[in-house]
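Heads up, entry-v2.tsv below (TSV, C-alpha atoms and all ligand atoms):
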chain	number	residue	atom	x	y	z
Z	1	MET	CA	-20.25	62.82	31.09
Z	2	THR	CA	-19.34	61.21	27.75
Z	3	TYR	CA	-18.00	63.59	25.11
Z	4	ALA	CA	-17.49	63.10	21.39
Z	5	MET	CA	-16.60	65.65	18.73
Z	6	TYR	CA	-17.44	65.48	15.04
Z	7	ASP	CA	-14.33	66.89	13.44
Z	8	SER	CA	-12.48	67.63	10.22
Z	9	GLN	CA	-8.70	67.70	10.59
Z	10	LEU	CA	-8.48	70.34	7.86
Z	11	SER	CA	-11.05	72.74	9.30
Z	12	PRO	CA	-9.54	75.69	11.21
Z	13	PHE	CA	-12.74	75.74	13.31
Z	14	SER	CA	-12.27	72.09	14.30
Z	15	ALA	CA	-8.54	72.67	14.85
Z	16	ARG	CA	-9.40	75.43	17.35
Z	17	CYS	CA	-11.38	72.95	19.45
Z	18	ARG	CA	-8.77	70.17	19.16
Z	19	MET	CA	-6.09	72.59	20.41
Z	20	VAL	CA	-8.24	73.35	23.46
Z	21	ILE	CA	-8.86	69.62	24.00
Z	22	TYR	CA	-5.11	68.85	23.80
Z	23	ALA	CA	-4.11	71.79	26.00
Z	24	LYS	CA	-6.57	70.65	28.67
Z	25	GLY	CA	-5.72	66.96	28.24
Z	26	LEU	CA	-9.39	66.04	27.80
Z	27	ASP	CA	-10.57	62.54	26.97
Z	28	ILE	CA	-12.87	63.30	24.02
Z	29	GLU	CA	-13.51	60.89	21.17
Z	30	ILE	CA	-12.70	62.65	17.89
Z	31	LYS	CA	-14.96	61.46	15.04
Z	32	GLU	CA	-13.49	62.42	11.67
Z	33	MET	CA	-15.85	63.62	8.94
Z	34	PRO	CA	-16.84	62.50	6.41
Z	35	GLY	CA	-17.34	58.93	7.49
Z	36	ALA	CA	-18.09	59.21	11.20
Z	37	ILE	CA	-21.82	59.46	10.55
Z	38	THR	CA	-24.04	59.47	7.44
Z	39	PRO	CA	-24.98	62.95	6.12
Z	40	GLU	CA	-28.66	62.21	6.96
Z	41	GLU	CA	-27.84	61.25	10.56
Z	42	PHE	CA	-25.61	64.31	10.90
Z	43	VAL	CA	-28.42	66.63	9.72
Z	44	ARG	CA	-30.72	64.95	12.25
Z	45	LEU	CA	-28.10	65.54	14.95
Z	46	THR	CA	-27.63	69.18	13.95
Z	47	PRO	CA	-29.52	70.95	11.15
Z	48	MET	CA	-26.49	73.26	10.87
Z	49	HIS	CA	-24.52	70.30	9.49
Z	50	LYS	CA	-21.16	71.83	10.39
Z	51	VAL	CA	-18.00	70.63	12.05
Z	52	PRO	CA	-16.99	70.92	14.78
Z	53	THR	CA	-20.00	69.64	16.71
Z	54	LEU	CA	-19.60	68.40	20.27
Z	55	THR	CA	-21.93	65.88	21.84
Z	56	VAL	CA	-22.20	65.75	25.61
Z	57	GLY	CA	-24.26	62.68	26.36
Z	58	GLU	CA	-27.49	63.40	24.49
Z	59	ALA	CA	-26.82	67.15	24.19
Z	60	VAL	CA	-25.45	68.63	20.96
Z	61	ILE	CA	-23.26	71.76	20.81
Z	62	PRO	CA	-22.26	73.19	17.41
Z	63	GLU	CA	-20.06	76.29	16.78
Z	64	SER	CA	-16.36	76.20	17.64
Z	65	GLN	CA	-16.33	79.24	19.94
Z	66	VAL	CA	-19.34	77.95	21.88
Z	67	ILE	CA	-17.68	74.53	22.23
Z	68	CYS	CA	-14.41	76.09	23.46
Z	69	ASP	CA	-16.22	78.33	25.96
Z	70	TYR	CA	-18.21	75.34	27.24
Z	71	LEU	CA	-15.06	73.22	27.66
Z	72	GLU	CA	-13.35	76.12	29.44
Z	73	ARG	CA	-16.23	76.40	31.94
Z	74	MET	CA	-16.41	72.63	32.51
Z	75	HIS	CA	-12.62	72.14	32.71
Z	76	PRO	CA	-11.17	75.42	33.96
Z	77	GLU	CA	-7.62	74.04	34.42
Z	78	PRO	CA	-5.29	74.85	32.79
Z	79	ALA	CA	-7.07	78.16	32.18
Z	80	LEU	CA	-7.17	79.37	28.57
Z	81	THR	CA	-8.89	82.58	29.68
Z	82	SER	CA	-7.76	85.43	31.97
Z	83	SER	CA	-9.13	86.53	35.36
Z	84	ASP	CA	-8.25	90.11	34.35
Z	85	ASP	CA	-11.36	91.47	32.60
Z	86	LEU	CA	-9.43	93.73	30.23
Z	87	VAL	CA	-7.07	90.94	29.19
Z	88	GLN	CA	-10.08	88.67	28.72
Z	89	ALA	CA	-11.70	91.32	26.51
Z	90	GLN	CA	-8.54	91.31	24.36
Z	91	ILE	CA	-8.67	87.51	24.05
Z	92	GLU	CA	-12.32	87.68	22.97
Z	93	LEU	CA	-11.59	90.54	20.56
Z	94	LEU	CA	-8.86	88.58	18.77
Z	95	CYS	CA	-11.19	85.57	18.42
Z	96	ARG	CA	-13.92	87.80	17.03
Z	97	ILE	CA	-11.64	89.57	14.54
Z	98	CYS	CA	-10.57	86.13	13.30
Z	99	ASP	CA	-14.13	84.83	12.93
Z	100	LEU	CA	-15.64	87.93	11.34
Z	101	TYR	CA	-12.88	89.59	9.34
Z	102	VAL	CA	-10.29	86.91	8.60
Z	103	MET	CA	-12.25	83.65	8.28
Z	104	THR	CA	-15.00	85.18	6.12
Z	105	PRO	CA	-12.75	86.06	3.14
Z	106	LEU	CA	-10.47	83.09	3.83
Z	107	GLY	CA	-13.33	80.57	3.55
Z	108	GLN	CA	-14.41	82.11	0.25
Z	109	LEU	CA	-10.83	82.08	-1.07
Z	110	PHE	CA	-10.66	78.35	-0.38
Z	111	GLY	CA	-13.43	77.98	-2.97
Z	112	GLN	CA	-11.14	79.70	-5.55
Z	113	VAL	CA	-8.21	77.28	-5.37
Z	114	ASN	CA	-9.01	75.49	-8.62
Z	115	PRO	CA	-7.36	77.58	-11.41
Z	116	GLN	CA	-9.88	76.27	-13.97
Z	117	SER	CA	-12.89	77.80	-12.22
Z	118	ARG	CA	-11.08	80.71	-10.50
Z	119	ASP	CA	-12.49	84.23	-10.78
Z	120	ASP	CA	-9.35	86.40	-10.64
Z	121	ALA	CA	-11.18	89.66	-9.88
Z	122	ARG	CA	-13.04	87.96	-7.03
Z	123	VAL	CA	-9.75	86.56	-5.66
Z	124	GLU	CA	-8.16	90.03	-5.67
Z	125	ALA	CA	-11.16	91.52	-3.83
Z	126	LEU	CA	-11.13	88.71	-1.25
Z	127	VAL	CA	-7.35	88.97	-0.76
Z	128	ALA	CA	-7.79	92.71	-0.09
Z	129	ASP	CA	-10.48	91.92	2.52
Z	130	LEU	CA	-8.30	89.22	4.06
Z	131	LYS	CA	-5.32	91.57	4.32
Z	132	LYS	CA	-7.54	94.20	5.96
Z	133	GLY	CA	-8.69	91.62	8.55
Z	134	LEU	CA	-5.09	90.54	9.14
Z	135	SER	CA	-4.02	94.17	9.64
Z	136	TRP	CA	-6.67	94.54	12.35
Z	137	LEU	CA	-5.44	91.33	13.99
Z	138	ASP	CA	-1.89	92.72	13.75
Z	139	HIS	CA	-2.98	95.90	15.54
Z	140	TYR	CA	-4.45	94.11	18.56
Z	141	LEU	CA	-2.05	91.15	18.82
Z	142	GLY	CA	0.43	91.12	21.72
Z	143	ASP	CA	4.20	91.19	21.16
Z	144	GLY	CA	5.22	88.01	22.98
Z	145	ALA	CA	5.36	84.30	22.23
Z	146	TYR	CA	1.57	84.04	22.69
Z	147	ALA	CA	-1.29	86.10	21.29
Z	148	ILE	CA	-1.88	87.86	24.61
Z	149	GLY	CA	0.43	87.68	27.63
Z	150	ASP	CA	2.86	84.84	28.27
Z	151	LYS	CA	0.66	81.76	28.20
Z	152	LEU	CA	-1.56	79.87	25.80
Z	153	THR	CA	-5.14	81.18	25.62
Z	154	LEU	CA	-8.23	80.62	23.52
Z	155	ALA	CA	-6.91	83.38	21.26
Z	156	ASP	CA	-3.93	81.20	20.26
Z	157	CYS	CA	-6.20	78.19	19.69
Z	158	THR	CA	-8.26	80.37	17.32
Z	159	ILE	CA	-5.50	82.28	15.54
Z	160	MET	CA	-2.84	79.64	14.93
Z	161	PRO	CA	-4.94	77.24	12.75
Z	162	ILE	CA	-6.26	80.18	10.73
Z	163	LEU	CA	-2.75	81.52	10.05
Z	164	PHE	CA	-1.65	78.04	8.97
Z	165	PHE	CA	-4.42	78.16	6.39
Z	166	VAL	CA	-3.60	81.72	5.27
Z	167	GLN	CA	0.04	80.78	4.75
Z	168	GLN	CA	-0.80	77.66	2.76
Z	169	LEU	CA	-3.45	79.34	0.64
Z	170	GLY	CA	-1.22	82.12	-0.80
Z	171	PRO	CA	0.81	79.89	-3.18
Z	172	MET	CA	-2.31	77.84	-3.99
Z	173	LEU	CA	-3.86	81.05	-5.38
Z	174	GLY	CA	-0.72	82.16	-7.20
Z	175	HIS	CA	0.04	84.75	-4.50
Z	176	ASP	CA	3.14	85.35	-2.41
Z	177	ASP	CA	3.07	85.08	1.39
Z	178	LEU	CA	-0.29	86.59	2.42
Z	179	LEU	CA	1.07	87.25	5.92
Z	180	ALA	CA	3.96	89.39	4.64
Z	181	ASP	CA	2.18	92.76	5.09
Z	182	SER	CA	1.35	92.03	8.75
Z	183	ALA	CA	4.73	91.95	10.50
Z	184	LYS	CA	3.49	91.17	14.04
Z	185	VAL	CA	1.13	88.44	12.81
Z	186	SER	CA	3.88	86.98	10.65
Z	187	ASN	CA	6.34	86.90	13.55
Z	188	TYR	CA	3.68	85.49	15.90
Z	189	PHE	CA	3.04	82.63	13.50
Z	190	LYS	CA	6.75	81.73	13.63
Z	191	VAL	CA	7.09	81.84	17.43
Z	192	ILE	CA	3.79	80.06	18.28
Z	193	GLN	CA	5.16	77.00	16.50
Z	194	ALA	CA	7.35	76.37	19.57
Z	195	ASP	CA	4.18	75.48	21.52
Z	196	GLU	CA	3.61	71.71	21.69
Z	197	HIS	CA	-0.16	71.93	21.15
Z	198	ALA	CA	0.23	74.30	18.20
Z	199	GLN	CA	2.79	71.90	16.69
Z	200	ARG	CA	0.45	68.94	17.08
Z	201	VAL	CA	-2.53	70.69	15.49
Z	202	MET	CA	-0.44	72.13	12.68
Z	203	GLY	CA	0.95	68.66	11.90
Z	204	GLU	CA	-2.60	67.29	11.71
Z	205	MET	CA	-3.70	70.11	9.42
Z	206	ALA	CA	-0.66	69.69	7.15
Z	207	THR	CA	-1.37	65.95	6.78
Z	208	ALA	CA	-5.05	66.63	6.05
Z	209	LEU	CA	-4.15	69.32	3.49
Z	210	GLN	CA	-1.79	66.96	1.65
Z	211	LYS	CA	-4.54	64.33	1.57
Z	212	TRP	CA	-7.05	66.90	0.26
Z	213	GLN	CA	-4.62	68.12	-2.44
Z	214	LYS	CA	-4.02	64.54	-3.63
Z	215	SER	CA	-7.79	64.02	-3.89
Z	216	GLN	CA	-8.23	67.09	-6.17
K	1	LIG	N1	-19.04	79.22	12.62
K	1	LIG	C1	-18.78	77.80	12.56
K	1	LIG	C2	-18.21	77.46	11.20
K	1	LIG	C3	-18.03	75.96	11.00
K	1	LIG	C4	-17.85	75.62	9.53
K	1	LIG	O1	-18.13	76.42	8.64
K	1	LIG	N2	-17.40	74.39	9.28
K	1	LIG	C5	-17.26	73.93	7.91
K	1	LIG	C6	-15.91	73.22	7.75
K	1	LIG	S1	-14.58	74.38	7.84
K	1	LIG	C7	-18.35	72.92	7.63
K	1	LIG	O2	-18.66	72.08	8.44
K	1	LIG	N3	-18.95	73.00	6.44
K	1	LIG	C8	-19.95	72.03	6.02
K	1	LIG	C9	-21.28	72.65	5.76
K	1	LIG	O3	-21.42	73.88	5.91
K	1	LIG	O4	-22.19	71.90	5.42
K	1	LIG	C10	-17.83	77.43	13.71
K	1	LIG	O5	-17.16	78.31	14.25
K	1	LIG	O6	-17.81	76.25	14.09
Any chance you could put this one into structure tokens?
Ligand SMILES: N[C@@H](CCC(=O)N[C@@H](CS)C(=O)NCC(=O)O)C(=O)O
Amino acid sequence: MTYAMYDSQLSPFSARCRMVIYAKGLDIEIKEMPGAITPEEFVRLTPMHKVPTLTVGEAVIPESQVICDYLERMHPEPALTSSDDLVQAQIELLCRICDLYVMTPLGQLFGQVNPQSRDDARVEALVADLKKGLSWLDHYLGDGAYAIGDKLTLADCTIMPILFFVQQLGPMLGHDDLLADSAKVSNYFKVIQADEHAQRVMGEMATALQKWQKSQ
């Protein structure tokens, strides 16, 4: 089966999928957006018009979590899930907290980076929401070098790119370290950087962020 993934190096959702792809050593063509396809063709491919989107032959799969779950089922080794149902529930919970309660305010904060158009009251409200989401992540996160247990899982592939973004966004919004109130999360973000796949994805995101900042 021929795979390709429409991707943005800066997107934490795309980064989640790339980390899975690297961890599993999969041969998937990464098509960087914009440029990989015209906007009209992309809308025809998926009306959702979002990256990441995976194509599997003629089939089209949007949504990062759905893509990761599909890749995990098709390429179970090395496993990024757990055979223990309770551990697996924890992995899924961390991914869900990130998607619902961390990424929602974070995505909106990204739209407030420009000081000229920034709404300070809105930023403060969103930062409060973000910190609440991070505190919930902090509560359920494991204590080791990985999010849960002693090996890389889908939770790490989800959390690490998001924390990279949170850390970068603080100074861009005139804030201090937004991770500072969540001690376990903050420590996790330091230790996960020893993982080779986390390092690779973080390097890609840092390069993409620099490029984006220069373009602003
Ligand atoms: N829930 C989606 C979110 C994907 C998403 O919002 N991607 C953004 C980039 S970070 C995007 O493609 N935005 C373009 C658009 O909405 O048209 C996922 O998990 O994949």
Set the cut-off to 8 Å, count only C-alpha atoms and all ligand atoms, and list whatever residues fall near ligand LIG 1 (chain K) as a list in words.
Ser8, Leu10, Ser11, Pro12, Phe13, Ser14, Met48, His49, Lys50, Val51, Pro52, Thr53, Pro62, Glu63, Ser64, Gln65, Val66, Asp99 and Gly107 of chain Z
To test the calculation: enclose all listed atoms of range 8-23 of chain Z in a box whose edges run along x, y and z, add 4 Å on each side, then state centre and edge lengths in Å to one decimal, as lines of an AutoDock Vina configuration file.
center_x = -8.4
center_y = 71.7
center_z = 16.9
size_x = 16.6
size_y = 16.1
size_z = 26.1
List as a list in words the protein and nucleic acid residues near Thr81 in chain Z, meaning an atom at most 7 Å away when all atoms listed in the file are counted, but skip any in the same chain fewer than 4 places from it.
Gln88, Thr153 and Leu154 of chain Z
Set out as JSON lines a contact list for range 167-201 of chain Z and range 21-26 of chain Z with a cut-off of 12 Å, giving each residue of range 167-201 of chain Z that qualifies its closest atom pair and distance in Å to one decimal, counting all atoms listed in the file, ordered by chain and rising residue number.
{"residue": "Z:Asp195", "atom": "CA", "partner": "Z:Ala23", "partner_atom": "CA", "distance": 10.1}
{"residue": "Z:Glu196", "atom": "CA", "partner": "Z:Ala23", "partner_atom": "CA", "distance": 8.8}
{"residue": "Z:His197", "atom": "CA", "partner": "Z:Ala23", "partner_atom": "CA", "distance": 6.3}
{"residue": "Z:Ala198", "atom": "CA", "partner": "Z:Ala23", "partner_atom": "CA", "distance": 9.3}
{"residue": "Z:Gln199", "atom": "CA", "partner": "Z:Tyr22", "partner_atom": "CA", "distance": 11.1}
{"residue": "Z:Arg200", "atom": "CA", "partner": "Z:Tyr22", "partner_atom": "CA", "distance": 8.7}
{"residue": "Z:Val201", "atom": "CA", "partner": "Z:Tyr22", "partner_atom": "CA", "distance": 8.9}
Go ahead and dump the residues you just picked, C-alpha atoms, as a PDB file, in the coordinates of the input.
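For reference, out.pdb as written:
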ATOM      1  CA  ASP Z 195       4.180  75.480  21.520  1.00  0.00           C
ATOM      2  CA  GLU Z 196       3.610  71.710  21.690  1.00  0.00           C
ATOM      3  CA  HIS Z 197      -0.160  71.930  21.150  1.00  0.00           C
ATOM      4  CA  ALA Z 198       0.230  74.300  18.200  1.00  0.00           C
ATOM      5  CA  GLN Z 199       2.790  71.900  16.690  1.00  0.00           C
ATOM      6  CA  ARG Z 200       0.450  68.940  17.080  1.00  0.00           C
ATOM      7  CA  VAL Z 201      -2.530  70.690  15.490  1.00  0.00           C
TER       8      VAL Z 201
END
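Separating CA of Glu58 in chain Z from CA of Pro78 in chain Z is a distance of 26.3 Å.
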Restricting to all atoms listed in the file, whichever of Z:Phe165, Z:Gly111, Z:Pro47, Z:Thr55 is closest to Ala208 in chain Z is Z:Phe165
